[in-house]
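*Asks:* File coords-v4.csv below, CSV, C-alpha atoms:
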```csv
chain,number,residue,atom,x,y,z
A,1,MET,CA,80.0,7.3,-25.1
A,2,LYS,CA,81.0,4.5,-27.3
A,3,ASN,CA,82.3,2.5,-24.3
A,4,LYS,CA,79.0,3.0,-22.5
A,5,THR,CA,77.1,1.7,-25.6
A,6,GLU,CA,79.3,-1.3,-25.8
A,7,ASP,CA,78.7,-2.1,-22.1
A,8,ILE,CA,75.0,-1.9,-22.6
A,9,VAL,CA,75.1,-4.1,-25.6
A,10,ARG,CA,77.3,-6.6,-23.8
A,11,ASP,CA,74.8,-6.7,-20.9
A,12,LEU,CA,71.9,-7.5,-23.2
A,13,PRO,CA,71.0,-11.2,-23.1
A,14,THR,CA,72.0,-13.2,-26.1
A,15,GLU,CA,69.6,-15.6,-27.7
A,16,GLU,CA,71.0,-18.5,-25.7
A,17,ASN,CA,70.9,-16.6,-22.5
A,18,PHE,CA,67.4,-15.4,-23.2
A,19,ASP,CA,66.2,-18.9,-23.8
A,20,ALA,CA,67.8,-20.1,-20.6
A,21,GLU,CA,66.3,-17.2,-18.6
A,22,GLU,CA,62.9,-17.7,-20.1
A,23,THR,CA,63.0,-21.4,-19.3
A,24,LYS,CA,64.0,-20.5,-15.7
A,25,ILE,CA,61.2,-18.1,-15.3
A,26,LEU,CA,58.6,-20.5,-16.9
A,27,GLY,CA,59.9,-23.2,-14.6
A,28,GLU,CA,59.5,-21.0,-11.5
A,29,GLU,CA,56.0,-20.0,-12.7
A,30,ARG,CA,55.1,-23.6,-13.3
A,31,GLU,CA,56.3,-24.6,-9.9
A,32,SER,CA,54.3,-21.7,-8.3
A,33,LEU,CA,51.2,-22.7,-10.3
A,34,GLU,CA,51.6,-26.3,-9.2
A,35,ASP,CA,51.9,-25.2,-5.6
A,36,ILE,CA,48.7,-23.1,-6.0
A,37,PHE,CA,46.8,-25.9,-7.6
A,38,GLU,CA,47.9,-28.3,-4.9
A,39,GLU,CA,46.9,-25.9,-2.3
A,40,GLU,CA,43.5,-25.3,-3.9
A,41,ALA,CA,43.0,-29.1,-4.3
A,42,ARG,CA,43.9,-29.6,-0.6
A,43,GLU,CA,41.5,-26.8,0.4
A,44,GLU,CA,38.8,-28.4,-1.8
A,45,GLU,CA,39.4,-31.8,-0.1
A,46,GLU,CA,39.2,-30.2,3.3
A,47,THR,CA,36.0,-28.3,2.3
A,48,ALA,CA,34.5,-31.5,0.9
A,49,GLY,CA,35.4,-33.3,4.2
A,50,ARG,CA,33.6,-30.5,6.1
A,51,THR,CA,30.6,-30.5,3.9
A,52,VAL,CA,27.5,-31.3,6.0
A,53,SER,CA,24.3,-32.8,4.7
A,54,PRO,CA,21.0,-31.0,5.4
A,55,THR,CA,20.1,-33.5,8.1
A,56,GLY,CA,23.6,-33.1,9.6
A,57,MET,CA,23.2,-29.3,9.6
A,58,VAL,CA,19.8,-29.6,11.3
A,59,MET,CA,21.3,-31.9,14.0
A,60,LYS,CA,24.3,-29.5,14.4
A,61,ARG,CA,22.0,-26.5,15.0
A,62,PHE,CA,19.8,-28.5,17.3
A,63,PHE,CA,22.6,-29.8,19.5
A,64,ARG,CA,24.2,-26.4,19.6
A,65,SER,CA,21.2,-24.9,21.3
A,66,LYS,CA,21.4,-25.1,25.1
A,67,LEU,CA,17.6,-24.8,25.5
A,68,SER,CA,17.1,-27.8,23.2
A,69,MET,CA,19.7,-29.9,25.0
A,70,THR,CA,18.0,-29.0,28.3
A,71,GLY,CA,14.7,-30.2,27.1
A,72,LEU,CA,16.2,-33.3,25.6
A,73,ILE,CA,17.9,-34.2,28.8
A,74,ILE,CA,14.7,-33.7,30.8
A,75,LEU,CA,12.8,-35.9,28.5
A,76,LEU,CA,15.4,-38.7,28.7
A,77,VAL,CA,15.3,-38.5,32.5
A,78,LEU,CA,11.5,-38.7,32.5
A,79,PHE,CA,11.4,-41.6,30.1
A,80,ALA,CA,14.1,-43.5,32.0
A,81,PHE,CA,12.2,-42.8,35.3
A,82,SER,CA,8.9,-44.0,33.9
A,83,PHE,CA,9.9,-47.0,31.8
A,84,LEU,CA,13.0,-48.3,33.6
A,85,GLY,CA,12.2,-47.3,37.2
A,86,PRO,CA,9.5,-50.0,37.8
A,87,LEU,CA,12.0,-52.7,36.7
A,88,PHE,CA,14.0,-52.2,39.9
A,89,ARG,CA,11.4,-54.0,42.1
A,90,PHE,CA,14.2,-55.4,44.3
A,91,LEU,CA,14.7,-51.9,45.8
A,92,PRO,CA,12.7,-51.4,49.0
A,93,PHE,CA,11.1,-48.1,47.9
A,94,VAL,CA,9.8,-49.4,44.5
A,95,TRP,CA,6.3,-50.8,44.8
A,96,GLY,CA,3.7,-52.2,42.4
A,97,GLU,CA,1.2,-50.0,40.7
A,98,LYS,CA,-1.7,-51.5,42.7
A,99,GLU,CA,0.3,-52.8,45.7
A,100,ALA,CA,-0.9,-51.2,48.9
A,101,ASP,CA,1.0,-51.0,52.2
A,102,GLU,CA,-1.4,-52.4,54.7
A,103,SER,CA,1.1,-53.2,57.3
A,104,THR,CA,0.6,-50.0,59.1
A,105,SER,CA,-2.5,-47.8,59.5
A,106,VAL,CA,-2.4,-44.4,61.1
A,107,THR,CA,-5.2,-43.0,63.3
A,108,GLU,CA,-5.7,-39.3,63.0
A,109,GLU,CA,-7.8,-37.2,65.3
A,110,TYR,CA,-10.0,-34.3,64.1
A,111,SER,CA,-11.6,-31.6,66.2
A,112,SER,CA,-14.6,-29.6,65.4
A,113,GLU,CA,-16.4,-26.7,67.2
A,114,VAL,CA,-20.1,-27.1,67.5
A,115,LYS,CA,-22.1,-24.2,69.0
A,116,SER,CA,-24.9,-24.9,71.4
A,117,PRO,CA,-28.3,-25.1,69.7
A,118,THR,CA,-29.8,-23.1,72.5
A,119,TYR,CA,-30.6,-19.6,71.3
A,120,GLY,CA,-28.9,-16.8,73.2
A,121,SER,CA,-26.4,-19.0,75.1
A,122,ASP,CA,-22.6,-19.0,74.5
A,123,PRO,CA,-21.4,-22.5,75.4
A,124,VAL,CA,-19.4,-24.3,72.7
A,125,TYR,CA,-18.9,-28.1,72.6
A,126,ILE,CA,-15.6,-29.5,71.3
A,127,VAL,CA,-16.2,-32.8,69.5
A,128,THR,CA,-13.3,-35.0,68.8
A,129,PHE,CA,-13.4,-38.0,66.5
A,130,ALA,CA,-10.8,-40.3,64.9
A,131,HIS,CA,-10.6,-42.8,62.2
A,132,PRO,CA,-7.8,-44.9,60.6
A,133,THR,CA,-6.1,-43.7,57.4
A,134,ASN,CA,-3.6,-45.0,55.0
A,135,TYR,CA,-1.7,-41.8,54.6
A,136,LEU,CA,1.9,-42.3,55.4
A,137,LYS,CA,4.5,-39.7,55.5
A,138,PRO,CA,7.7,-39.9,53.4
A,139,SER,CA,10.2,-42.4,54.7
A,140,GLY,CA,12.9,-44.8,53.5
A,141,ILE,CA,10.3,-47.3,52.3
A,142,HIS,CA,8.0,-44.7,50.8
A,143,LEU,CA,10.0,-41.8,49.4
A,144,LEU,CA,7.0,-39.7,48.8
A,145,GLY,CA,4.6,-41.3,51.3
A,146,THR,CA,1.4,-43.1,50.4
A,147,ASP,CA,-2.1,-42.0,49.3
A,148,ASP,CA,-5.4,-42.7,51.0
A,149,LYS,CA,-5.5,-46.3,49.6
A,150,GLY,CA,-2.0,-47.1,50.8
A,151,PHE,CA,-0.4,-46.9,47.3
A,152,ASP,CA,3.2,-45.7,47.1
A,153,VAL,CA,3.2,-42.2,45.5
A,154,PHE,CA,6.8,-42.4,44.2
A,155,SER,CA,6.2,-45.7,42.4
A,156,ARG,CA,2.8,-44.5,41.0
A,157,LEU,CA,4.7,-41.6,39.5
A,158,MET,CA,6.6,-44.1,37.4
A,159,TYR,CA,3.6,-45.9,36.2
A,160,GLY,CA,1.7,-42.7,35.7
A,161,GLY,CA,4.5,-41.4,33.5
A,162,ARG,CA,4.1,-44.5,31.3
A,163,VAL,CA,0.5,-43.8,30.6
A,164,SER,CA,0.8,-40.0,30.2
A,165,LEU,CA,3.8,-40.1,27.9
A,166,THR,CA,2.4,-43.0,25.9
A,167,VAL,CA,-0.9,-41.3,25.4
A,168,GLY,CA,0.9,-38.2,24.1
A,169,PHE,CA,3.1,-40.1,21.6
A,170,VAL,CA,0.3,-42.4,20.3
A,171,VAL,CA,-2.2,-39.6,19.8
A,172,VAL,CA,0.4,-37.4,18.0
A,173,ILE,CA,1.5,-40.1,15.7
A,174,LEU,CA,-2.1,-41.0,14.8
A,175,GLU,CA,-3.0,-37.3,14.3
A,176,THR,CA,0.0,-36.9,12.0
A,177,PHE,CA,-0.9,-40.0,10.0
A,178,PHE,CA,-4.5,-38.9,9.2
A,179,GLY,CA,-3.4,-35.3,8.8
A,180,ILE,CA,-0.8,-36.3,6.2
A,181,ILE,CA,-3.2,-38.4,4.2
A,182,LEU,CA,-6.1,-35.9,4.1
A,183,GLY,CA,-3.9,-32.8,3.9
A,184,GLY,CA,-1.8,-34.3,1.1
A,185,LEU,CA,-4.9,-35.2,-0.9
A,186,ALA,CA,-6.3,-31.7,-0.5
A,187,GLY,CA,-3.1,-29.9,-1.4
A,188,TYR,CA,-2.2,-32.0,-4.4
A,189,PHE,CA,-5.6,-32.4,-6.1
A,190,GLY,CA,-7.1,-29.0,-5.1
A,191,LYS,CA,-10.5,-28.0,-6.6
A,192,TRP,CA,-13.4,-29.9,-5.2
A,193,VAL,CA,-11.3,-32.4,-3.3
A,194,ASP,CA,-9.6,-29.5,-1.5
A,195,GLN,CA,-13.0,-27.8,-0.8
A,196,ILE,CA,-14.6,-30.8,0.7
A,197,ILE,CA,-11.6,-31.7,3.0
A,198,MET,CA,-11.1,-28.1,4.1
A,199,ARG,CA,-14.7,-27.7,5.0
A,200,ILE,CA,-14.5,-30.8,7.1
A,201,VAL,CA,-11.4,-29.4,8.7
A,202,ASP,CA,-13.2,-26.1,9.5
A,203,ILE,CA,-16.0,-28.1,11.2
A,204,PHE,CA,-13.5,-29.9,13.4
A,205,ASN,CA,-11.7,-26.7,14.3
A,206,CYS,CA,-15.0,-25.3,15.6
A,207,VAL,CA,-15.6,-28.3,17.9
A,208,PRO,CA,-14.7,-27.5,21.5
A,209,THR,CA,-12.4,-30.4,22.3
A,210,MET,CA,-12.4,-30.3,26.1
A,211,PRO,CA,-16.2,-30.3,26.6
A,212,MET,CA,-16.6,-33.1,24.0
A,213,MET,CA,-14.0,-35.2,25.9
A,214,MET,CA,-15.8,-34.6,29.1
A,215,ILE,CA,-19.0,-35.8,27.5
A,216,VAL,CA,-17.3,-38.9,26.2
A,217,GLY,CA,-15.7,-39.6,29.6
A,218,VAL,CA,-19.1,-39.4,31.4
A,219,ALA,CA,-20.7,-41.6,28.7
A,220,LEU,CA,-18.0,-44.2,29.1
A,221,GLU,CA,-18.5,-44.2,32.9
A,222,ALA,CA,-22.3,-44.6,32.4
A,223,LYS,CA,-21.6,-47.7,30.2
A,224,ASN,CA,-19.2,-49.1,32.9
A,225,ILE,CA,-16.3,-49.0,30.5
A,226,SER,CA,-13.0,-48.5,32.4
A,227,GLY,CA,-9.4,-49.6,32.5
A,228,PRO,CA,-7.4,-50.0,29.3
A,229,ALA,CA,-10.6,-50.0,27.1
A,230,LYS,CA,-11.4,-46.5,28.4
A,231,LEU,CA,-7.8,-45.4,27.7
A,232,TYR,CA,-7.9,-46.7,24.1
A,233,ILE,CA,-11.3,-45.0,23.5
A,234,MET,CA,-10.0,-41.7,25.0
A,235,MET,CA,-6.9,-41.8,22.7
A,236,ALA,CA,-9.1,-42.5,19.7
A,237,MET,CA,-11.3,-39.5,20.6
A,238,LEU,CA,-8.3,-37.2,21.1
A,239,THR,CA,-7.1,-38.3,17.6
A,240,PHE,CA,-10.5,-37.8,16.1
A,241,PHE,CA,-10.7,-34.2,17.3
A,242,GLY,CA,-7.0,-33.3,16.8
A,243,TRP,CA,-6.1,-34.2,13.2
A,244,ALA,CA,-7.5,-31.1,11.6
A,245,GLY,CA,-4.6,-28.8,12.5
A,246,THR,CA,-2.0,-31.2,11.0
A,247,ALA,CA,-4.1,-31.6,7.8
A,248,ARG,CA,-4.2,-27.8,7.3
A,249,LEU,CA,-0.5,-27.5,7.8
A,250,VAL,CA,0.3,-30.3,5.3
A,251,ARG,CA,-2.1,-28.9,2.8
A,252,GLY,CA,-0.6,-25.4,2.9
A,253,GLN,CA,3.0,-26.8,2.5
A,254,ILE,CA,2.0,-29.0,-0.5
A,255,LEU,CA,0.3,-26.1,-2.3
A,256,SER,CA,3.6,-24.3,-2.3
A,257,LEU,CA,5.7,-27.3,-3.2
A,258,ARG,CA,3.7,-28.9,-6.0
A,259,GLU,CA,4.8,-26.1,-8.5
A,260,GLN,CA,8.5,-26.6,-7.8
A,261,ASP,CA,10.9,-27.9,-10.5
A,262,PHE,CA,11.3,-31.3,-8.8
A,263,MET,CA,7.6,-31.9,-9.1
A,264,LEU,CA,7.7,-31.1,-12.8
A,265,SER,CA,10.4,-33.7,-13.2
A,266,ALA,CA,8.3,-36.2,-11.3
A,267,GLU,CA,5.4,-35.4,-13.6
A,268,ALA,CA,7.6,-36.0,-16.7
A,269,SER,CA,8.9,-39.3,-15.3
A,270,GLY,CA,5.4,-40.7,-15.2
A,271,LEU,CA,5.3,-41.5,-11.5
A,272,THR,CA,2.0,-42.4,-9.9
A,273,THR,CA,0.0,-39.9,-7.8
A,274,ALA,CA,0.7,-41.8,-4.6
A,275,SER,CA,4.4,-41.8,-5.3
A,276,LYS,CA,4.5,-38.1,-6.1
A,277,ILE,CA,2.6,-37.3,-2.9
A,278,PHE,CA,4.3,-39.6,-0.4
A,279,ARG,CA,7.8,-39.9,-1.9
A,280,HIS,CA,8.4,-36.3,-3.1
A,281,LEU,CA,5.9,-33.9,-1.4
A,282,VAL,CA,5.5,-35.3,2.1
A,283,PRO,CA,9.3,-35.7,2.9
A,284,ASN,CA,9.7,-32.0,2.2
A,285,VAL,CA,7.0,-31.3,4.8
A,286,LEU,CA,8.4,-33.5,7.5
A,287,PRO,CA,10.6,-30.8,9.1
A,288,GLN,CA,7.6,-28.7,9.8
A,289,LEU,CA,5.6,-31.8,10.9
A,290,ILE,CA,8.2,-32.8,13.4
A,291,VAL,CA,8.1,-29.4,15.0
A,292,SER,CA,4.3,-29.5,15.1
A,293,MET,CA,4.3,-33.0,16.6
A,294,THR,CA,6.8,-32.0,19.3
A,295,LEU,CA,4.9,-28.9,20.3
A,296,GLY,CA,1.6,-30.8,20.2
A,297,LEU,CA,2.8,-33.5,22.7
A,298,GLY,CA,2.7,-31.1,25.6
A,299,GLY,CA,-0.9,-30.1,24.8
A,300,ILE,CA,-2.0,-33.7,24.8
A,301,ILE,CA,-0.3,-34.4,28.1
A,302,LEU,CA,-2.1,-31.4,29.6
A,303,THR,CA,-5.4,-32.6,28.2
A,304,GLU,CA,-5.0,-36.1,29.7
A,305,ALA,CA,-4.0,-34.5,33.0
A,306,THR,CA,-7.1,-32.2,33.0
A,307,LEU,CA,-9.4,-35.2,32.3
A,308,GLY,CA,-7.7,-37.1,35.1
A,309,TYR,CA,-8.1,-34.2,37.5
A,310,LEU,CA,-11.8,-33.9,36.7
A,311,GLY,CA,-12.2,-37.6,37.5
A,312,ILE,CA,-13.3,-38.6,34.0
A,313,GLY,CA,-10.0,-40.2,32.9
A,314,LEU,CA,-8.7,-43.5,34.0
A,315,PRO,CA,-10.0,-44.9,37.3
A,316,ALA,CA,-7.9,-44.1,40.4
A,317,GLU,CA,-6.4,-47.7,40.5
A,318,TYR,CA,-4.7,-47.0,37.2
A,319,ALA,CA,-1.9,-44.4,37.9
A,320,THR,CA,-1.7,-41.4,35.6
A,321,TRP,CA,-0.2,-38.0,36.5
A,322,GLY,CA,-3.7,-36.5,35.9
A,323,ASN,CA,-5.6,-38.6,38.3
A,324,MET,CA,-2.8,-38.4,40.9
A,325,ILE,CA,-3.3,-34.6,40.9
A,326,ASN,CA,-7.0,-35.3,41.6
A,327,ALA,CA,-5.9,-35.9,45.2
A,328,ALA,CA,-5.9,-32.1,45.6
A,329,ALA,CA,-9.7,-32.2,45.3
A,330,ASN,CA,-9.7,-33.7,48.8
A,331,ASN,CA,-9.4,-30.9,51.3
A,332,THR,CA,-7.5,-33.0,53.8
A,333,ALA,CA,-4.9,-34.0,51.2
A,334,LEU,CA,-4.7,-30.5,49.9
A,335,ARG,CA,-3.8,-29.1,53.3
A,336,LEU,CA,-1.9,-31.9,55.0
A,337,TYR,CA,-0.4,-34.0,52.3
A,338,PRO,CA,1.0,-31.8,49.5
A,339,ASN,CA,3.4,-34.6,48.4
A,340,LEU,CA,0.4,-36.3,46.8
A,341,TRP,CA,-0.3,-33.6,44.2
A,342,ILE,CA,2.8,-31.5,44.0
A,343,SER,CA,5.0,-34.3,42.7
A,344,PRO,CA,2.8,-35.3,39.7
A,345,GLY,CA,2.3,-31.6,39.0
A,346,ILE,CA,6.1,-31.1,38.8
A,347,CYS,CA,6.3,-34.1,36.4
A,348,ILE,CA,3.7,-32.6,34.1
A,349,VAL,CA,5.3,-29.2,34.1
A,350,LEU,CA,8.7,-30.7,33.3
A,351,ALA,CA,7.3,-32.8,30.5
A,352,VAL,CA,5.4,-30.0,28.9
A,353,LEU,CA,8.4,-27.6,29.2
A,354,ALA,CA,10.8,-30.2,27.8
A,355,PHE,CA,8.6,-30.9,24.8
A,356,ASN,CA,8.3,-27.1,24.1
A,357,PHE,CA,12.0,-26.6,24.4
A,358,VAL,CA,12.7,-29.4,22.0
A,359,GLY,CA,10.0,-28.1,19.6
A,360,ASP,CA,11.5,-24.6,19.7
A,361,GLY,CA,14.9,-26.1,19.0
A,362,LEU,CA,13.7,-28.1,16.1
A,363,ARG,CA,11.9,-25.1,14.7
A,364,ASP,CA,15.1,-23.0,14.8
A,365,ALA,CA,17.2,-25.9,13.4
A,366,VAL,CA,15.0,-26.6,10.3
A,367,ASP,CA,14.7,-22.9,9.5
A,368,PRO,CA,16.7,-22.4,6.3
A,369,LYS,CA,17.1,-18.7,7.1
A,370,ALA,CA,18.9,-19.4,10.3
A,371,ARG,CA,22.6,-18.6,10.6
A,372,ARG,CA,25.0,-21.5,10.1
```
Mind turning this structure into structure tokens?

*Replies:*
Amino acid sequence: MKNKTEDIVRDLPTEENFDAEETKILGEERESLEDIFEEEAREEEETAGRTVSPTGMVMKRFFRSKLSMTGLIILLVLFAFSFLGPLFRFLPFVWGEKEADESTSVTEEYSSEVKSPTYGSDPVYIVTFAHPTNYLKPSGIHLLGTDDKGFDVFSRLMYGGRVSLTVGFVVVILETFFGIILGGLAGYFGKWVDQIIMRIVDIFNCVPTMPMMMIVGVALEAKNISGPAKLYIMMAMLTFFGWAGTARLVRGQILSLREQDFMLSAEASGLTTASKIFRHLVPNVLPQLIVSMTLGLGGIILTEATLGYLGIGLPAEYATWGNMINAAANNTALRLYPNLWISPGICIVLAVLAFNFVGDGLRDAVDPKARR
């Protein structure tokens, strides 16, 4: 028993051994802690390097959507086709907007059955008549043929895209500009300012836009106003009847934002009213505005196309996708020359779908509740 006790006592660490052992353990713990700290710092640096700004996150979500990318690619192709295509005039199948091919005229024959005017008899007279026409079928020189005036359909699609797409963007930008100003004033000041502006908005929302545009188009024709002047007036009228929706959207967003903490800080810093509205409130509404603008572009293109089809848009010598579809109003073109109206119809459908795809993608991308 005594020997066992001596062995146990001998095995116990002395003061010197204990200090050495403690120093060793502390050193190992320090090294392990340093390794942990280094690893955490490295992870923080990697995380900081991967940190994405809100704008970057929106762009990442947008470009990750296949539907959004499809719409964006279609839009890029349409813009390149419309604005860059006419520059290649050296190609044999690219013609001017008002350049008619008068080198060849085609004579078409039409037959008609006319019953004998004599009552009770059955003879039928076949009357055949012919007249020259400028309709040419698709060929290497005219990829989509020509219309009744000898204009190249393929080239006029390019020039028509310039007008239709430009009208859409100009009108949307002007609508957004006036909507931000009036909606921002209504949402920030409230009270009687809000009441007056919102009642004006209600009145404009009750106005039937299409019938009013038809009346304006007929009035312009009665005044012999045509060409670019008519286009500018039509864009102004579309803006005049279309800003109310944007103003209501901006007003609703600002009502919810003006009570936030950052606006209290802006109040305490003594900023002017214009600065608080246009530097702090409006930028927070821009994501919703961008989505609204994108979705509204398709509607404006359809409105312009409808006016052109009804014959109250730009004159036929100025190409737009709308007045090119107006060729379908001619029974002969509708039956025998579908290339005259199917091709601009396809362009309109693609443009509207592309803007809707991009708008849906932006709406999902700016949604803060969306999964990252």

*Asks:* I'd like to know which of A:Phe151, A:Phe177, A:Phe189, A:Tyr318 is closest to Val94 in chain A, using all atoms listed in the file.

*Replies:*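 Of all the options, A:Phe151 lies closest to Val94 in chain A.
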
*Asks:* Excluding same-chain residues fewer than 6 positions from range 252-269 of chain A, what lies within 10 Å of it counting all atoms listed in the file, as a short mmCIF file (atom, residue, chain, number, x, y, z; two decimals) with C-alpha atoms, in the coordinates of the input?

*Replies:*
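Just written: around_20.cif:
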```cif
data_model
loop_
_atom_site.label_atom_id
_atom_site.label_comp_id
_atom_site.auth_asym_id
_atom_site.auth_seq_id
_atom_site.Cartn_x
_atom_site.Cartn_y
_atom_site.Cartn_z
CA GLY A 183 -3.90 -32.80 3.90
CA GLY A 184 -1.80 -34.30 1.10
CA LEU A 185 -4.90 -35.20 -0.90
CA ALA A 186 -6.30 -31.70 -0.50
CA GLY A 187 -3.10 -29.90 -1.40
CA TYR A 188 -2.20 -32.00 -4.40
CA PHE A 189 -5.60 -32.40 -6.10
CA GLY A 190 -7.10 -29.00 -5.10
CA SER A 275 4.40 -41.80 -5.30
CA LYS A 276 4.50 -38.10 -6.10
CA ILE A 277 2.60 -37.30 -2.90
CA HIS A 280 8.40 -36.30 -3.10
CA LEU A 281 5.90 -33.90 -1.40
CA VAL A 282 5.50 -35.30 2.10
CA ASN A 284 9.70 -32.00 2.20
CA VAL A 285 7.00 -31.30 4.80
CA LEU A 286 8.40 -33.50 7.50
CA GLN A 288 7.60 -28.70 9.80
#
```

*Asks:* Which residues, protein or nucleic acid, reach to within 12 Å of (20.2, -31.6, 20.6) in the file's coordinates when using all atoms listed in the file, and can you give that as a CSV table (one decimal) with C-alpha atoms, in the coordinates of the input?

*Replies:*
```csv
chain,number,residue,atom,x,y,z
A,56,GLY,CA,23.6,-33.1,9.6
A,57,MET,CA,23.2,-29.3,9.6
A,58,VAL,CA,19.8,-29.6,11.3
A,59,MET,CA,21.3,-31.9,14.0
A,60,LYS,CA,24.3,-29.5,14.4
A,61,ARG,CA,22.0,-26.5,15.0
A,62,PHE,CA,19.8,-28.5,17.3
A,63,PHE,CA,22.6,-29.8,19.5
A,64,ARG,CA,24.2,-26.4,19.6
A,65,SER,CA,21.2,-24.9,21.3
A,66,LYS,CA,21.4,-25.1,25.1
A,67,LEU,CA,17.6,-24.8,25.5
A,68,SER,CA,17.1,-27.8,23.2
A,69,MET,CA,19.7,-29.9,25.0
A,70,THR,CA,18.0,-29.0,28.3
A,71,GLY,CA,14.7,-30.2,27.1
A,72,LEU,CA,16.2,-33.3,25.6
A,73,ILE,CA,17.9,-34.2,28.8
A,74,ILE,CA,14.7,-33.7,30.8
A,75,LEU,CA,12.8,-35.9,28.5
A,76,LEU,CA,15.4,-38.7,28.7
A,354,ALA,CA,10.8,-30.2,27.8
A,357,PHE,CA,12.0,-26.6,24.4
A,358,VAL,CA,12.7,-29.4,22.0
A,359,GLY,CA,10.0,-28.1,19.6
A,360,ASP,CA,11.5,-24.6,19.7
A,361,GLY,CA,14.9,-26.1,19.0
A,362,LEU,CA,13.7,-28.1,16.1
A,364,ASP,CA,15.1,-23.0,14.8
A,365,ALA,CA,17.2,-25.9,13.4
```

*Asks:* Excluding Leu314 in chain A and any residue of its chain fewer than 3 positions from it, enumerate the residues within 8 Å of it, using all atoms listed in the file, and give them as an mmCIF file with C-alpha atoms, in the frame of the given file.

*Replies:*
```cif
data_model
loop_
_atom_site.group_PDB
_atom_site.id
_atom_site.type_symbol
_atom_site.label_atom_id
_atom_site.label_comp_id
_atom_site.auth_asym_id
_atom_site.auth_seq_id
_atom_site.Cartn_x
_atom_site.Cartn_y
_atom_site.Cartn_z
ATOM 1 C CA SER A 226 -13.000 -48.500 32.400
ATOM 2 C CA GLY A 227 -9.400 -49.600 32.500
ATOM 3 C CA LYS A 230 -11.400 -46.500 28.400
ATOM 4 C CA LEU A 231 -7.800 -45.400 27.700
ATOM 5 C CA GLY A 308 -7.700 -37.100 35.100
ATOM 6 C CA GLY A 311 -12.200 -37.600 37.500
ATOM 7 C CA TYR A 318 -4.700 -47.000 37.200
ATOM 8 C CA ALA A 319 -1.900 -44.400 37.900
ATOM 9 C CA THR A 320 -1.700 -41.400 35.600
ATOM 10 C CA ASN A 323 -5.600 -38.600 38.300
#
```

*Asks:* Considering all atoms listed in the file, can you say which of A:Ser292, A:Asn330, A:Ser82, A:Thr176 comes closest to Gly160 in chain A?

*Replies:*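 Of A:Ser292, A:Asn330, A:Ser82, A:Thr176, the one nearest Gly160 in chain A is A:Ser82, counting all atoms listed in the file.
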
*Asks:* What is the CA of Phe355 in chain A-CA of Ser164 in chain A distance in Å, reported with one decimal?

*Replies:*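 CA of Ser164 in chain A lies at a distance of 13.1 Å from CA of Phe355 in chain A.
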
*Asks:* Which residue is closest to Asp148 in chain A? Choose from A:Ala333, A:Thr209, A:Trp243, A:Ala222 and count only C-alpha atoms.

*Replies:*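 When distances to Asp148 in chain A are compared using only C-alpha atoms, the smallest one comes from A:Ala333.
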
*Asks:* I'd like the interatomic distance between CA of Pro86 in chain A and CA of Arg162 in chain A, to a tenth of an Å.

*Replies:*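 Between CA of Pro86 in chain A and CA of Arg162 in chain A the gap works out to 10.1 Å.
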
*Asks:* How far is it from CA of Ala329 in chain A to CA of Lys98 in chain A, in Å with one decimal?

*Replies:*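 Straight-line distance from CA of Ala329 in chain A to CA of Lys98 in chain A works out to 21.1 Å.
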
*Asks:* I need the residue nearest Ala327 in chain A from this list: A:Ile300, A:Met237, A:Leu340, A:Val352. Use all atoms listed in the file for the distance.

*Replies:* A:Leu340

*Asks:* Using only C-alpha atoms, which of A:Leu334, A:Ala236, A:Ala274, A:Ile325 sits nearest Ile346 in chain A?

*Replies:*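 Closest residue, counting only C-alpha atoms: A:Ile325.
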
*Asks:* Which one of A:Leu297, A:Ile215, A:Ile197, A:Ala305 sits closest to Trp321 in chain A if you count all atoms listed in the file?

*Replies:* A:Ala305
